[in-house]
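The next block holds one structure in the form of structure tokens; read it before the comments.
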Amino acid sequence: MADAEDQRWALVKTSILADDTTLLDQAISMTPDDDLDQFYRRVCREAIAGNSTTILKFLIDRGRNVKHLEPTDVADHGSLPSKATLEFLLAHGWDINFRGYGAPFMWLMTNHADMIVWCLNHGASVLPSYQPWYRFGIEQAPRHCDPILERVANREVFEILRAKGAPLGQRVLHKAVQMAAFGHEGRDDPEKGTTKQQRDTARQAERLELVRYLLDDVKLDVNAPDREPGSTKGMSSAWGTPLCYVPGIGRPDLDSRELTWLLLNRGADPVPALEVAKDMDQKSFEADVAAWTRLNPKKAHGGDRSCCVQ
């Protein structure tokens, strides 16, 4: 049974690579009628990833509707699809704003400014649609969808979307801090590290730039809460103030000192974040706050704020 399954998908992959439907017909003949719907969906996903418009047209001619494609199927879970393939799908009725089980397609492209521009030029909305979904044929309330700016990790994309009216959500700064907290591994000189360390360090610098921009230009509150009063701590990964998201990611192996000090220099209250760090045994974060406190005793103990770090 497994051998037949492997053979069937080998035929599909070869068909997509060759952009030829001959072998696909053979794979279809090996598929039980009851499994055809799921089979066609997977072939469609594979054809999009392989940029095979010939296979996609074959499926559409056989009645496959591409209007409501799962965004993750189109984006192949965040990878960059071909614009030519996307334009082919649009020409055959694809709804670029369809949410499916999660966020719309453009939400998955926020690491790529050129793709964001392409999406906006082809009808993508900066607001998620109020879209119910169905389970066992019964309509369900729409799933929550974070504002798109909470998915953004660099300033260029933020400015493009903001100029098109994308709203500031309650956790824009919090999420930017969270993404910046995933810095390079270790605390040695990143220039002497591995290629991965250097790549991660460059990515972190881009994310730190966004955090600075949100604080200094957009003027977001460095101590803003991340949830409405009465919400449960930790619900939907809500940790508290932006600084709380640094220990909240639970990665003591990552170097987030520059980010921590940036927030502290902009007036972040360390006390709530130290409580999170204590709960999660994030000693490296506690050490970073302690080091900053020794260097900035007036800031650390200024006003009504007290920093209790040993």
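How things are named: the first chain in the structure tokens is A, the next is B, and so on; residues count from 1 in each chain; ligands count from 1 in the order shown.
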
Name the residues of range 194-260 of chain A that come out as alpha helix (DSSP H) in a backbone DSSP run; write them as a VMD selection string.
-> chain A and resid 195 to 216 245 to 248 257 to 260

Take the selection from the previous step and output its residues with N, CA, C and O atoms, as a compact mmCIF listing (two decimals), in the first residue's frame.
# COMPACT_ATOMS: atom_id res chain seq x y z
N THR A 195 28.18 31.36 9.75
CA THR A 195 27.37 32.07 8.76
C THR A 195 25.96 32.28 9.28
O THR A 195 25.36 33.34 9.09
N LYS A 196 25.43 31.27 9.96
CA LYS A 196 24.08 31.39 10.53
C LYS A 196 24.04 32.50 11.57
O LYS A 196 23.09 33.28 11.62
N GLN A 197 25.07 32.57 12.44
CA GLN A 197 25.10 33.63 13.44
C GLN A 197 25.11 35.01 12.78
O GLN A 197 24.41 35.93 13.21
N GLN A 198 25.92 35.15 11.74
CA GLN A 198 26.00 36.44 11.06
C GLN A 198 24.67 36.79 10.39
O GLN A 198 24.24 37.95 10.41
N ARG A 199 24.02 35.78 9.81
CA ARG A 199 22.71 36.02 9.19
C ARG A 199 21.68 36.40 10.24
O ARG A 199 20.90 37.33 10.05
N ASP A 200 21.69 35.69 11.36
CA ASP A 200 20.74 35.98 12.43
C ASP A 200 20.99 37.35 13.04
O ASP A 200 20.06 38.06 13.42
N THR A 201 22.26 37.74 13.13
CA THR A 201 22.61 39.05 13.67
C THR A 201 22.11 40.16 12.75
O THR A 201 21.60 41.19 13.20
N ALA A 202 22.26 39.96 11.44
CA ALA A 202 21.76 40.95 10.47
C ALA A 202 20.24 41.07 10.57
O ALA A 202 19.69 42.17 10.52
N ARG A 203 19.58 39.93 10.73
CA ARG A 203 18.12 39.94 10.88
C ARG A 203 17.72 40.65 12.16
O ARG A 203 16.77 41.44 12.19
N GLN A 204 18.46 40.41 13.24
CA GLN A 204 18.16 41.06 14.51
C GLN A 204 18.34 42.58 14.39
O GLN A 204 17.54 43.35 14.94
N ALA A 205 19.38 43.02 13.66
CA ALA A 205 19.61 44.46 13.49
C ALA A 205 18.43 45.11 12.79
O ALA A 205 18.00 46.22 13.13
N GLU A 206 17.87 44.42 11.79
CA GLU A 206 16.70 44.92 11.07
C GLU A 206 15.50 45.04 12.00
O GLU A 206 14.75 46.02 11.96
N ARG A 207 15.36 44.05 12.88
CA ARG A 207 14.23 44.07 13.80
C ARG A 207 14.42 45.09 14.92
O ARG A 207 13.45 45.71 15.37
N LEU A 208 15.67 45.29 15.33
CA LEU A 208 15.94 46.34 16.31
C LEU A 208 15.64 47.71 15.72
O LEU A 208 15.14 48.60 16.43
N GLU A 209 15.92 47.88 14.44
CA GLU A 209 15.61 49.15 13.79
C GLU A 209 14.12 49.44 13.84
O GLU A 209 13.70 50.58 14.08
N LEU A 210 13.30 48.41 13.64
CA LEU A 210 11.85 48.61 13.72
C LEU A 210 11.43 48.99 15.14
O LEU A 210 10.60 49.89 15.33
N VAL A 211 12.00 48.34 16.15
CA VAL A 211 11.66 48.67 17.54
C VAL A 211 12.01 50.13 17.82
O VAL A 211 11.21 50.88 18.41
N ARG A 212 13.19 50.57 17.39
CA ARG A 212 13.59 51.97 17.59
C ARG A 212 12.62 52.91 16.88
O ARG A 212 12.22 53.95 17.43
N TYR A 213 12.25 52.55 15.69
CA TYR A 213 11.32 53.38 14.90
C TYR A 213 9.97 53.49 15.61
O TYR A 213 9.39 54.58 15.69
N LEU A 214 9.47 52.39 16.12
CA LEU A 214 8.17 52.41 16.81
C LEU A 214 8.23 53.26 18.08
O LEU A 214 7.25 53.93 18.43
N LEU A 215 9.36 53.24 18.74
CA LEU A 215 9.51 54.03 19.96
C LEU A 215 9.76 55.51 19.67
O LEU A 215 9.13 56.39 20.26
N ASP A 216 10.66 55.78 18.73
CA ASP A 216 11.13 57.15 18.53
C ASP A 216 10.32 57.94 17.51
O ASP A 216 10.19 59.16 17.64
N TYR A 245 8.26 40.57 26.88
CA TYR A 245 8.33 39.62 25.77
C TYR A 245 9.76 39.11 25.54
O TYR A 245 9.95 38.11 24.84
N VAL A 246 10.75 39.79 26.11
CA VAL A 246 12.13 39.32 25.94
C VAL A 246 12.35 38.02 26.72
O VAL A 246 12.72 37.00 26.13
N PRO A 247 12.10 37.98 28.02
CA PRO A 247 12.20 36.69 28.71
C PRO A 247 11.05 35.76 28.34
O PRO A 247 11.17 34.54 28.47
N GLY A 248 9.94 36.34 27.88
CA GLY A 248 8.76 35.53 27.58
C GLY A 248 8.96 34.53 26.47
O GLY A 248 8.24 33.53 26.39
N ARG A 257 20.64 41.20 24.78
CA ARG A 257 21.07 42.31 25.65
C ARG A 257 20.83 43.66 24.99
O ARG A 257 20.33 44.60 25.64
N GLU A 258 21.20 43.81 23.72
CA GLU A 258 21.03 45.10 23.05
C GLU A 258 19.58 45.53 23.05
O GLU A 258 19.26 46.71 23.28
N LEU A 259 18.68 44.60 22.79
CA LEU A 259 17.25 44.89 22.80
C LEU A 259 16.80 45.28 24.20
O LEU A 259 16.06 46.26 24.38
N THR A 260 17.21 44.52 25.20
CA THR A 260 16.83 44.81 26.59
C THR A 260 17.30 46.19 27.00
O THR A 260 16.53 46.98 27.56

How many Å separate CA of Lys57 in chain A from CA of Thr72 in chain A?
-> 20.1 Å

Return the single residue from A:Pro242, A:Pro272, A:Pro104, A:Pro147 that is closest to Ala181 in chain A, with distances computed using only C-alpha atoms.
-> A:Pro242

Just how far from CA of Ala84 in chain A is CA of Asn97 in chain A, in Å to one decimal?
->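 CA of Ala84 in chain A lies at a distance of 17.9 Å from CA of Asn97 in chain A.
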
What's the 10 Å shell around range 39-43 of chain A, counting only C-alpha atoms, without same-chain residues fewer than 4 positions away, as a PyMOL selection string?
-> chain A and resi 9+12-13+16+24+27-28+31-35+47-49+55-56+59-60+62+64-66+69-70+73
